[in-house]
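Data block for coords21.txt (compact mmCIF, C-alpha atoms and all ligand atoms):
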```
# COMPACT_ATOMS: atom_id res chain seq x y z
CA MET X 27 -0.92 -13.54 -50.40
CA SER X 28 -0.65 -17.32 -50.65
CA VAL X 29 -3.17 -19.73 -49.24
CA LEU X 30 -1.73 -22.14 -46.73
CA GLN X 31 -1.26 -25.71 -47.96
CA MET X 32 -1.10 -28.74 -45.63
CA GLU X 33 2.37 -29.70 -46.91
CA ASP X 34 3.74 -26.26 -46.05
CA VAL X 35 3.08 -26.66 -42.42
CA ALA X 36 4.11 -30.20 -41.60
CA VAL X 37 7.79 -29.65 -42.30
CA GLN X 38 8.55 -26.57 -40.19
CA PRO X 39 9.10 -27.62 -36.60
CA ILE X 40 10.87 -25.05 -34.44
CA ALA X 41 13.25 -26.73 -32.09
CA ALA X 42 13.61 -23.66 -29.87
CA HIS X 43 9.99 -24.01 -28.70
CA PRO X 44 9.30 -27.18 -26.76
CA LYS X 45 5.72 -28.44 -26.90
CA THR X 46 4.80 -26.59 -23.75
CA ALA X 47 2.55 -23.92 -25.21
CA ARG X 48 -1.11 -24.81 -25.75
CA VAL X 49 -3.05 -23.05 -28.47
CA LEU X 50 -6.85 -23.04 -28.68
CA ILE X 51 -8.23 -22.76 -32.22
CA VAL X 52 -11.79 -21.44 -32.44
CA ASP X 53 -13.28 -21.75 -35.93
CA ASP X 54 -16.61 -23.03 -37.25
CA ASN X 55 -15.02 -24.11 -40.53
CA THR X 56 -13.68 -27.70 -40.49
CA VAL X 57 -11.01 -27.16 -43.13
CA ASN X 58 -9.69 -24.04 -41.39
CA ARG X 59 -9.59 -25.85 -38.03
CA LEU X 60 -7.67 -28.74 -39.54
CA MET X 61 -5.23 -26.49 -41.35
CA LEU X 62 -4.59 -24.29 -38.34
CA SER X 63 -4.17 -27.19 -35.94
CA ASN X 64 -1.74 -28.89 -38.36
CA TYR X 65 0.18 -25.70 -38.64
CA VAL X 66 0.33 -25.13 -34.89
CA GLU X 67 1.41 -28.73 -34.25
CA GLY X 68 3.99 -28.29 -37.01
CA LEU X 69 5.46 -25.44 -35.02
CA ASN X 70 5.74 -27.85 -32.11
CA TYR X 71 2.93 -26.36 -30.01
CA ALA X 72 -0.03 -28.34 -28.72
CA ALA X 73 -3.29 -27.49 -30.54
CA GLU X 74 -6.88 -27.93 -29.37
CA THR X 75 -9.88 -27.05 -31.51
CA VAL X 76 -13.47 -26.00 -30.82
CA VAL X 77 -16.24 -25.13 -33.26
CA ASN X 78 -17.83 -22.05 -31.72
CA GLY X 79 -17.47 -19.25 -29.22
CA GLN X 80 -19.57 -20.81 -26.48
CA GLU X 81 -17.46 -23.95 -26.48
CA ALA X 82 -14.34 -21.82 -26.45
CA LEU X 83 -15.50 -19.94 -23.32
CA ARG X 84 -16.45 -23.21 -21.64
CA ILE X 85 -13.09 -24.91 -22.23
CA LEU X 86 -11.15 -21.76 -21.27
CA GLU X 87 -12.92 -21.72 -17.90
CA THR X 88 -11.49 -25.12 -16.99
CA GLU X 89 -8.30 -25.61 -19.00
CA GLN X 90 -5.06 -23.71 -19.26
CA PHE X 91 -4.06 -22.23 -22.65
CA ASP X 92 -1.30 -19.90 -23.77
CA LEU X 93 -2.91 -18.44 -26.86
CA VAL X 94 -6.27 -18.35 -28.66
CA LEU X 95 -6.65 -18.19 -32.44
CA LEU X 96 -10.16 -16.79 -32.79
CA ASP X 97 -12.18 -16.60 -35.97
CA VAL X 98 -14.20 -13.38 -36.31
CA GLU X 99 -17.19 -14.60 -38.34
CA MET X 100 -18.89 -17.48 -36.59
CA PRO X 101 -22.55 -18.30 -36.02
CA VAL X 102 -24.09 -18.22 -32.50
CA MET X 103 -21.47 -15.93 -31.07
CA ASN X 104 -19.04 -14.01 -33.24
CA GLY X 105 -15.35 -13.52 -32.46
CA TYR X 106 -15.82 -9.95 -31.17
CA GLU X 107 -18.35 -11.13 -28.56
CA VAL X 108 -16.04 -13.96 -27.45
CA LEU X 109 -13.16 -11.49 -27.19
CA GLU X 110 -15.30 -9.06 -25.15
CA GLN X 111 -16.24 -11.78 -22.69
CA LEU X 112 -12.63 -12.93 -22.36
CA LYS X 113 -11.43 -9.40 -21.62
CA ALA X 114 -14.22 -8.91 -19.08
CA ASN X 115 -13.13 -12.01 -17.16
CA PRO X 116 -10.25 -11.22 -14.74
CA ALA X 117 -9.00 -14.82 -14.90
CA LEU X 118 -8.77 -14.78 -18.71
CA ARG X 119 -8.08 -11.12 -19.40
CA ASP X 120 -4.34 -11.64 -19.91
CA LEU X 121 -4.66 -14.60 -22.27
CA PRO X 122 -3.40 -13.42 -25.71
CA VAL X 123 -5.85 -13.66 -28.59
CA ILE X 124 -5.04 -13.50 -32.31
CA MET X 125 -8.13 -12.71 -34.38
CA ILE X 126 -8.57 -14.34 -37.76
CA SER X 127 -10.77 -12.85 -40.43
CA ALA X 128 -11.36 -12.83 -44.13
CA LEU X 129 -12.34 -9.20 -43.81
CA ASP X 130 -8.93 -7.65 -44.20
CA GLU X 131 -10.18 -4.14 -43.59
CA LEU X 132 -8.67 -1.50 -41.42
CA ASP X 133 -11.92 -1.03 -39.46
CA ASN X 134 -11.93 -4.69 -38.40
CA ILE X 135 -8.29 -4.66 -37.43
CA VAL X 136 -8.81 -1.49 -35.37
CA LYS X 137 -11.90 -2.95 -33.70
CA CYS X 138 -10.00 -6.12 -32.69
CA ILE X 139 -7.06 -4.18 -31.27
CA GLU X 140 -9.44 -1.84 -29.41
CA LEU X 141 -11.21 -4.82 -27.88
CA GLY X 142 -7.86 -6.08 -26.61
CA ALA X 143 -6.71 -8.63 -29.20
CA GLU X 144 -2.97 -9.17 -29.26
CA ASP X 145 -2.80 -9.39 -33.04
CA TYR X 146 -4.78 -9.91 -36.24
CA LEU X 147 -4.39 -12.40 -39.11
CA PRO X 148 -6.08 -12.15 -42.50
CA LYS X 149 -7.53 -15.14 -44.32
CA PRO X 150 -6.40 -16.91 -46.44
CA PHE X 151 -3.47 -17.62 -44.14
CA ASN X 152 0.03 -16.66 -45.04
CA PRO X 153 2.19 -19.33 -43.35
CA VAL X 154 5.18 -17.07 -42.81
CA LEU X 155 3.06 -14.34 -41.25
CA LEU X 156 1.16 -16.88 -39.15
CA ARG X 157 4.35 -18.41 -37.79
CA ALA X 158 5.90 -15.00 -37.01
CA ARG X 159 2.79 -13.76 -35.16
CA LEU X 160 2.25 -16.99 -33.27
CA ASN X 161 5.86 -17.13 -32.11
CA ALA X 162 5.98 -13.45 -31.18
CA CYS X 163 2.75 -13.70 -29.27
CA LEU X 164 3.78 -16.79 -27.33
CA GLU X 165 7.18 -15.33 -26.56
CA LYS X 166 5.51 -12.19 -25.17
CA LYS X 167 3.19 -14.38 -23.09
CA ARG X 168 6.16 -16.44 -21.82
CA LEU X 169 7.97 -13.26 -20.72
CA ARG X 170 4.81 -11.92 -19.06
CA ASP X 171 4.29 -15.22 -17.21
CA GLN X 172 7.94 -15.20 -16.14
CA GLU X 173 7.55 -11.68 -14.76
CA ALA X 174 4.31 -12.56 -12.97
CA ASP X 175 6.00 -15.62 -11.48
CA LEU X 176 8.90 -13.47 -10.29
CA GLN X 177 6.46 -11.01 -8.73
CA ARG X 178 4.62 -13.85 -6.97
CA LYS X 179 7.93 -15.15 -5.60
CA GLU X 180 8.97 -11.67 -4.46
CA LEU X 181 5.61 -11.20 -2.75
CA ALA X 182 5.94 -14.55 -0.98
CA ALA X 183 9.47 -13.60 0.15
CA MET X 184 8.18 -10.23 1.41
CA GLU X 185 5.37 -11.92 3.32
CA LYS X 186 7.86 -14.29 4.91
CA LEU X 187 10.07 -11.36 5.87
CA THR X 188 7.09 -9.54 7.35
CA ARG X 189 6.21 -12.58 9.45
CA LEU X 190 9.82 -12.82 10.65
CA LYS X 191 9.78 -9.11 11.49
CA ASP X 192 6.54 -9.55 13.44
CA GLN X 193 8.05 -12.43 15.40
CA PHE X 194 11.18 -10.39 16.04
CA VAL X 195 9.16 -7.38 17.20
CA ASN X 196 7.17 -9.53 19.60
CA THR X 197 10.27 -11.16 21.01
CA VAL X 198 12.10 -7.85 21.39
CA SER X 199 9.05 -6.27 22.92
CA HIS X 200 8.99 -8.89 25.63
CA ASP X 201 12.73 -9.33 26.13
CA LEU X 202 13.64 -5.65 26.23
CA ARG X 203 10.65 -4.08 27.89
CA ASN X 204 10.64 -6.41 30.87
CA PRO X 205 14.22 -5.82 32.05
CA ILE X 206 13.88 -2.05 31.55
CA ASN X 207 10.72 -2.06 33.64
CA THR X 208 12.57 -4.06 36.27
CA VAL X 209 15.42 -1.50 36.41
CA LEU X 210 12.86 1.31 36.69
CA GLY X 211 10.90 -0.48 39.41
CA TYR X 212 13.95 -1.29 41.55
CA SER X 213 15.41 2.20 41.24
CA ASP X 214 12.05 3.58 42.45
CA LEU X 215 12.18 1.17 45.41
CA LEU X 216 15.79 2.09 46.10
CA GLN X 217 14.96 5.77 46.14
CA GLU X 218 12.06 5.19 48.54
CA SER X 219 14.15 3.04 50.91
CA LEU X 220 17.00 5.56 50.97
CA GLN X 221 14.71 8.57 51.12
CA ASP X 222 15.98 10.35 54.23
CA SER X 223 19.56 9.13 54.31
CA THR X 224 20.46 9.71 50.66
CA ASP X 225 23.49 11.85 50.01
CA PRO X 226 23.38 14.16 46.95
CA THR X 227 25.71 11.98 44.86
CA THR X 228 23.57 8.85 45.32
CA GLU X 229 20.48 10.92 44.51
CA LEU X 230 22.13 12.19 41.33
CA PHE X 231 23.18 8.67 40.26
CA LEU X 232 19.72 7.30 40.95
CA ASN X 233 18.09 10.05 38.92
CA LYS X 234 20.43 9.32 36.02
CA ILE X 235 19.55 5.60 36.15
CA ARG X 236 15.85 6.43 36.16
CA SER X 237 15.91 8.99 33.38
CA SER X 238 18.08 6.77 31.16
CA SER X 239 15.82 3.77 31.76
CA ARG X 240 12.74 5.86 30.99
CA HIS X 241 14.39 7.09 27.79
CA MET X 242 15.23 3.51 26.83
CA LEU X 243 11.64 2.39 27.53
CA ASN X 244 10.26 5.24 25.39
CA LEU X 245 12.67 4.35 22.62
CA VAL X 246 11.74 0.66 22.69
CA ASN X 247 8.02 1.50 22.77
CA ASP X 248 8.35 3.95 19.87
CA LEU X 249 10.44 1.52 17.82
CA LEU X 250 7.94 -1.24 18.40
CA ASP X 251 5.04 1.02 17.45
CA LEU X 252 6.78 2.07 14.28
CA ALA X 253 7.69 -1.50 13.35
CA LYS X 254 4.08 -2.60 13.87
CA ILE X 255 2.70 0.24 11.76
CA GLU X 256 5.26 -0.19 9.00
CA THR X 257 4.60 -3.92 8.86
CA GLY X 258 1.16 -2.73 7.80
CA GLY X 259 -1.05 -4.46 10.35
CA ILE X 260 -4.73 -4.30 9.51
CA LEU X 261 -6.49 -1.14 10.67
CA GLU X 262 -9.27 -1.84 13.14
CA LEU X 263 -11.75 0.71 11.90
CA GLN X 264 -14.47 2.17 14.07
CA VAL X 265 -16.99 4.89 13.34
CA PHE X 266 -16.43 7.98 15.46
CA HIS X 267 -17.60 11.58 15.33
CA LEU X 268 -14.60 13.89 14.96
CA GLY X 269 -15.83 16.17 17.76
CA GLN X 270 -16.22 13.38 20.30
CA PHE X 271 -12.91 11.81 19.34
CA LEU X 272 -11.00 15.09 19.80
CA GLN X 273 -12.89 15.96 23.02
CA GLU X 274 -11.55 12.74 24.57
CA ARG X 275 -7.98 13.52 23.50
CA TYR X 276 -8.36 17.04 24.95
CA GLU X 277 -9.55 15.73 28.30
CA GLU X 278 -6.60 13.35 28.45
CA PHE X 279 -4.13 16.26 28.26
CA GLU X 280 -6.01 18.94 30.22
CA LEU X 281 -4.40 18.21 33.57
CA LEU X 282 -0.88 17.87 32.19
CA ALA X 283 -1.20 21.21 30.37
CA GLN X 284 -2.43 22.85 33.57
CA GLN X 285 0.49 21.42 35.54
CA LYS X 286 2.86 22.83 32.93
CA GLY X 287 1.25 26.28 33.23
CA LEU X 288 -0.03 26.37 29.66
CA ASN X 289 -3.27 27.79 28.24
CA PHE X 290 -4.76 24.76 26.60
CA SER X 291 -8.01 24.98 24.66
CA TYR X 292 -10.15 22.91 22.32
CA GLN X 293 -12.14 24.22 19.36
CA PRO X 294 -14.61 21.53 18.29
CA PRO X 295 -15.75 21.27 14.65
CA PRO X 296 -18.70 23.63 13.94
CA ILE X 297 -20.30 20.92 11.81
CA ASP X 298 -19.52 17.31 12.56
CA ARG X 299 -19.30 14.10 10.58
CA LYS X 300 -18.52 10.46 11.27
CA LEU X 301 -15.00 9.22 10.59
CA ASN X 302 -13.92 5.70 9.83
CA ILE X 303 -10.72 5.43 11.85
CA ASP X 304 -8.61 3.06 13.87
CA THR X 305 -9.26 4.98 17.08
CA LEU X 306 -6.33 3.48 18.97
CA ARG X 307 -3.87 4.52 16.30
CA MET X 308 -5.46 7.88 15.53
CA SER X 309 -5.42 8.62 19.27
CA GLN X 310 -1.69 7.98 19.11
CA VAL X 311 -1.44 10.61 16.34
CA VAL X 312 -3.25 13.32 18.31
CA ASN X 313 -1.52 12.31 21.56
CA ASN X 314 1.96 12.54 19.97
CA LEU X 315 1.17 15.96 18.50
CA LEU X 316 -0.30 17.27 21.76
CA SER X 317 2.55 15.81 23.78
CA ASN X 318 5.06 17.58 21.49
CA ALA X 319 3.14 20.86 21.71
CA LEU X 320 3.18 20.62 25.51
CA LYS X 321 6.86 19.60 25.57
CA TYR X 322 8.15 22.31 23.25
CA THR X 323 6.06 25.21 24.61
CA PRO X 324 7.44 27.11 27.60
CA LEU X 325 5.42 28.25 30.62
CA ASP X 326 2.45 30.60 29.93
CA GLY X 327 2.33 29.60 26.29
CA THR X 328 -0.80 28.48 24.46
CA VAL X 329 -1.69 25.16 22.89
CA THR X 330 -4.85 24.72 20.81
CA LEU X 331 -6.49 21.60 19.47
CA THR X 332 -8.89 22.33 16.58
CA GLY X 333 -11.18 20.10 14.54
CA SER X 334 -13.11 20.95 11.38
CA ILE X 335 -14.99 19.25 8.58
CA HIS X 336 -14.73 20.36 4.95
CA LEU X 337 -17.34 18.97 2.59
CA ASN X 338 -16.91 18.81 -1.18
CA GLN X 339 -19.05 21.19 -3.24
CA ASN X 340 -21.30 18.39 -4.51
CA GLY X 341 -22.05 17.39 -0.93
CA SER X 342 -20.54 13.92 -1.13
CA GLY X 343 -17.19 13.28 0.52
CA GLY X 344 -14.67 15.75 1.82
CA TRP X 345 -12.09 15.74 4.54
CA ALA X 346 -11.61 16.16 8.26
CA LEU X 347 -8.95 18.46 9.59
CA ILE X 348 -7.18 18.11 12.93
CA GLN X 349 -4.83 20.90 13.92
CA VAL X 350 -2.51 21.15 16.92
CA SER X 351 -1.04 24.65 17.28
CA ASP X 352 1.31 26.03 19.89
CA SER X 353 3.11 29.26 20.68
CA GLY X 354 6.29 27.37 21.59
CA LEU X 355 9.89 27.10 20.38
CA GLY X 356 8.98 26.78 16.70
CA ILE X 357 11.05 24.93 14.11
CA PRO X 358 13.79 26.37 11.87
CA GLU X 359 12.82 26.38 8.19
CA GLU X 360 15.71 24.09 7.19
CA ASP X 361 14.57 21.38 9.65
CA ILE X 362 10.98 21.19 8.38
CA PRO X 363 11.63 18.86 5.39
CA HIS X 364 13.33 16.31 7.71
CA LEU X 365 10.97 16.55 10.66
CA PHE X 366 9.13 13.31 9.89
CA ASP X 367 12.34 11.28 9.34
CA LYS X 368 13.10 8.61 11.92
CA PHE X 369 15.29 9.82 14.81
CA TYR X 370 15.35 13.40 13.50
CA ARG X 371 15.53 16.03 16.22
CA VAL X 372 16.07 19.76 15.85
CA ASN X 373 19.69 20.40 16.74
CA ARG X 374 19.25 23.49 18.94
CA THR X 375 19.96 23.79 22.62
CA GLU X 376 16.35 24.62 23.64
CA HIS X 377 14.97 21.67 21.65
CA ARG X 378 17.66 19.25 22.82
CA ALA X 379 16.94 20.15 26.42
CA VAL X 380 13.57 18.41 26.02
CA GLU X 381 13.53 14.63 26.40
CA GLY X 382 12.65 12.82 23.13
CA THR X 383 13.45 9.95 20.79
CA GLY X 384 12.90 11.60 17.41
CA LEU X 385 10.42 8.88 16.48
CA GLY X 386 7.06 10.42 17.47
CA LEU X 387 6.46 12.30 14.21
CA SER X 388 7.47 9.36 11.99
CA ILE X 389 4.86 7.29 13.85
CA VAL X 390 2.31 10.07 13.32
CA LYS X 391 3.04 10.25 9.59
CA ALA X 392 2.89 6.46 9.11
CA ILE X 393 -0.50 6.24 10.86
CA VAL X 394 -1.99 9.23 9.04
CA GLU X 395 -0.88 7.84 5.68
CA SER X 396 -2.23 4.38 6.50
CA HIS X 397 -5.62 6.15 6.84
CA GLY X 398 -5.18 7.73 3.40
CA GLY X 399 -4.49 11.13 4.98
CA GLU X 400 -1.71 13.71 4.98
CA ILE X 401 0.19 15.74 7.53
CA ARG X 402 1.96 19.06 7.14
CA VAL X 403 3.57 21.59 9.40
CA GLU X 404 3.70 25.38 9.49
CA SER X 405 6.16 26.89 11.89
CA GLU X 406 8.26 29.89 12.70
CA LEU X 407 11.26 29.75 14.99
CA GLY X 408 10.52 31.45 18.30
CA LYS X 409 6.83 31.95 17.45
CA GLY X 410 5.27 28.48 17.44
CA SER X 411 4.12 25.61 15.27
CA SER X 412 0.97 24.14 13.72
CA PHE X 413 0.70 20.50 12.78
CA ILE X 414 -2.21 19.91 10.39
CA VAL X 415 -3.65 16.47 9.68
CA THR X 416 -6.18 15.93 6.89
CA LEU X 417 -8.17 12.71 6.67
CA PRO X 418 -10.51 11.70 3.86
CA LEU X 419 -14.11 11.41 5.09
CA GLU X 420 -15.16 8.41 3.08
CA SER X 421 -12.23 6.63 1.54
CA LEU X 422 -11.73 4.09 4.32
P1 LIG E 501 10.73 13.75 19.85
O1 LIG E 501 10.55 12.48 20.60
O2 LIG E 501 12.17 14.17 19.77
O3 LIG E 501 9.82 14.82 20.31
P2 LIG E 501 9.32 13.78 17.32
O4 LIG E 501 9.51 12.89 16.15
O5 LIG E 501 8.00 13.85 17.95
O6 LIG E 501 10.43 13.35 18.34
O7 LIG E 501 9.72 15.24 16.88
C1 LIG E 501 10.92 15.43 16.12
C2 LIG E 501 11.52 16.77 16.43
O8 LIG E 501 10.69 17.80 15.93
C3 LIG E 501 11.63 17.04 17.92
O9 LIG E 501 12.82 16.51 18.44
C4 LIG E 501 11.61 18.56 17.97
O10 LIG E 501 12.90 19.05 17.73
C5 LIG E 501 10.73 18.94 16.78
N1 LIG E 501 9.34 19.24 17.19
C6 LIG E 501 8.29 18.40 17.15
N2 LIG E 501 7.16 19.01 17.55
C7 LIG E 501 7.51 20.27 17.86
C8 LIG E 501 6.79 21.42 18.35
N3 LIG E 501 5.49 21.38 18.58
N4 LIG E 501 7.50 22.56 18.54
C9 LIG E 501 8.81 22.62 18.27
N5 LIG E 501 9.54 21.58 17.83
C10 LIG E 501 8.90 20.41 17.61
```
Taking this structure as input, can you express it in the form of structure tokens?
Amino acid sequence: MSVLQMEDVAVQPIAAHPKTARVLIVDDNTVNRLMLSNYVEGLNYAAETVVNGQEALRILETEQFDLVLLDVEMPVMNGYEVLEQLKANPALRDLPVIMISALDELDNIVKCIELGAEDYLPKPFNPVLLRARLNACLEKKRLRDQEADLQRKELAAMEKLTRLKDQFVNTVSHDLRNPINTVLGYSDLLQESLQDSTDPTTELFLNKIRSSSRHMLNLVNDLLDLAKIETGGILELQVFHLGQFLQERYEEFELLAQQKGLNFSYQPPPIDRKLNIDTLRMSQVVNNLLSNALKYTPLDGTVTLTGSIHLNQNGSGGWALIQVSDSGLGIPEEDIPHLFDKFYRVNRTEHRAVEGTGLGLSIVKAIVESHGGEIRVESELGKGSSFIVTLPLESL
């Protein structure tokens, strides 16, 4: 292995690499610093030198470098310690480091690589090896930076798109909802004013206008909800006991279930725990599931809302379970994998006879997943269905 001579290095500029890369040389030995910096400059990179690890860390905090050539044996703070500190610092973790040491032993090389060094160079320097490693390292760094830059640009474009989508959703929400509400309002008024004198055909037409407008309003509301959730708005978390939360949902649906002639019951959790949930959105989950259970269960059927808490064996953490079960129409096995897809509806006469948009369950799934939870369904055609939501107790 030849020792690097000054003359060797001065005559090997590499045109392909403009002087954009900055290399920091950390070495307590004056001759080594001079040799390395000559060599680096000879390769057409900009070189900066410091005499110890502390100075290296100080300059790296404030200035931008593309590569560090770091001597292993230095007083005050050796190269391993400097490397450890660099790797522990999120702002400097990705900066490539080539370790330089006279100790050309496998143990040292392994230790450097384990600590996160990009490469290792033995002393005395071999100019060919030094050039190859320096170039390879800087090229890798350039590609990494390029990729990170691309990712940053993609993220910025996504954020812009999200903002545009938000604006669009708000505009649509206002521009579509208002006229539909107007149609609904005036058809109600028309029906009232024609009450006694209405002939059956007018009555039929009016009912069609009203049910179509209601369907359109539901569709717009569901689409807006879904767009808002998918845009990933921030969850407004509140602490709620599962039992109390479900009790309120139950009370909301009690009267409707009674009017539909269903046996509706609530089984509160035997042990209770606090949940960190966006109550408005989680209410939408339980409401959608209960509303489906009530819609797809014929007269005299049963609908049950159940809550339970399952703690992990070690006592910390666990999950909450919310289950909505009914004895209604049930769902054919082949439909189950698609049930949470947008606009998916079971294509059977009994199911189609019930008004719906096919969006409720996709909203449910999106909300549950935004809480770190899961939803699954168990069902048998003609016997009934169970929708089961699990939510982590402490992850939010
Ligand atoms: P929809 O507005 O049509 O009810 P959902 O997304 O809530 O939309 O549900 C998708 C489809 O899943 C429904 O159209 C229905 O066919 C089926 N479904 C949902 N819940 C039940 C249930 N409890 N019993 C039977 N079928 C159900």
### Message
With distances taken over all atoms listed in the file, which residue among X:Leu250, X:Ile414, X:Val380, X:Val76 lies nearest Thr197 of chain X?
### Response
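The shortest atom-to-atom distance to Thr197 of chain X comes from X:Leu250.
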### Query
To one decimal place, how far is atom CA of Glu359 of chain X from atom C9 of ligand LIG 501 (chain E) in Å?
11.5 Å
Can you list every residue of chain X that has an atom at most 6 Å from ligand LIG 501 (chain E), with its nearest atom pair and the distance in Å to one decimal, using all atoms listed in the file, ordered by chain then number, as a Markdown table?
```
| residue | atom | partner | partner_atom | distance |
| --- | --- | --- | --- | --- |
| X:Asn318 | CA | E:LIG501 | N2 | 4.7 |
| X:Ala319 | CA | E:LIG501 | N3 | 3.9 |
| X:Tyr322 | CA | E:LIG501 | N4 | 4.8 |
| X:Gly354 | CA | E:LIG501 | N4 | 5.8 |
| X:Leu355 | CA | E:LIG501 | C9 | 5.1 |
| X:Gly356 | CA | E:LIG501 | C9 | 4.4 |
| X:Ile357 | CA | E:LIG501 | N5 | 5.2 |
| X:Leu365 | CA | E:LIG501 | O8 | 5.4 |
| X:Tyr370 | CA | E:LIG501 | C1 | 5.5 |
| X:Arg371 | CA | E:LIG501 | O9 | 3.5 |
| X:Val372 | CA | E:LIG501 | O10 | 3.8 |
| X:His377 | CA | E:LIG501 | O10 | 5.1 |
| X:Gly382 | CA | E:LIG501 | O1 | 3.3 |
| X:Thr383 | CA | E:LIG501 | O1 | 3.9 |
| X:Gly384 | CA | E:LIG501 | O6 | 3.2 |
| X:Leu385 | CA | E:LIG501 | O4 | 4.1 |
| X:Gly386 | CA | E:LIG501 | O5 | 3.6 |
| X:Leu387 | CA | E:LIG501 | O4 | 3.7 |
| X:Ser388 | CA | E:LIG501 | O4 | 5.8 |
| X:Ser411 | CA | E:LIG501 | N3 | 5.5 |
```
### Message
So that I can see what lies close to His336 of chain X, please list as a PyMOL selection string the residues with an atom at most 7 Å from it, counting all atoms listed in the file and leaving out residues fewer than 5 positions away in the same chain.
### Response
chain X and resi 344-346
### Query
With only C-alpha atoms as the atoms that count, which of X:Thr46, X:Asn247, X:Asn104, X:Asn313 lies nearest to Asn196 of chain X?
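With only C-alpha atoms as the atom set, the closest residue is X:Asn247.
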### Query
Nearest to Val123 of chain X: which of X:Gly269, X:Gly341, X:Gly142, X:Gly398 is it, counting only C-alpha atoms?
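Counting only C-alpha atoms, the residue closest to Val123 of chain X is X:Gly142.
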Leaving out Asn134 of chain X and any residue of its chain fewer than 6 positions from it, which residues lie within 10 Å of it when counting all atoms listed in the file, given as a PDB file with C-alpha atoms, in the frame of the given file?
```pdb
ATOM      1  CA  VAL X  98     -14.200 -13.380 -36.310  1.00  0.00           C
ATOM      2  CA  TYR X 106     -15.820  -9.950 -31.170  1.00  0.00           C
ATOM      3  CA  MET X 125      -8.130 -12.710 -34.380  1.00  0.00           C
ATOM      4  CA  SER X 127     -10.770 -12.850 -40.430  1.00  0.00           C
ATOM      5  CA  ALA X 128     -11.360 -12.830 -44.130  1.00  0.00           C
ATOM      6  CA  GLU X 140      -9.440  -1.840 -29.410  1.00  0.00           C
ATOM      7  CA  TYR X 146      -4.780  -9.910 -36.240  1.00  0.00           C
TER       8      TYR X 146
END
```
### Message
Between X:Lys137, X:Glu185, X:Ile51, X:Asn64, which residue has the minimum interatomic distance to Leu96 of chain X, considering all atoms listed in the file?
### Response
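Answer, going by the shortest atom-to-atom distance: X:Ile51.
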### Task
Have a look at atom CA of Thr328 of chain X and atom CA of Val350 of chain X and let me know their distance in Å, one decimal.
10.7 Å
### Task
Find the residues around segment 208-215 of chain X up to 12 Å (all atoms listed in the file counted), leave out those fewer than 4 positions away in its own chain, and share them as a PyMOL selection string.
chain X and resi 201-204+219-221+228-229+231-243
#### Entry: Spatial neighbours of segment 262-268 of chain X, 10 Å, all atoms listed in the file, chain gap at least 3 places, as a VMD selection string
chain X and resid 259 271 to 273 294 to 295 297 to 307 333 to 335 346 to 348 397 422
#### Entry: Gap from atom CA of Tyr276 of chain X to atom CA of Leu407 of chain X - Å, one decimal
25.4 Å
How big is the axis-aligned box around the listed atoms of segment 296-308 of chain X once 6 Å is added on each side, and where is its centre? Give both in Å to one decimal, as JSON.
```
{"center_x": -12.1, "center_y": 13.3, "center_z": 14.4, "size_x": 28.4, "size_y": 32.6, "size_z": 21.1}
```
### Query
Which polymer residues have any atom within 12 Å of an atom of Glu99 of chain X, counting all atoms listed in the file, with same-chain residues fewer than 2 positions away left out, as a ChimeraX atom specification?
/X:52-55,77-79,96-97,101-108,125-129,134,149
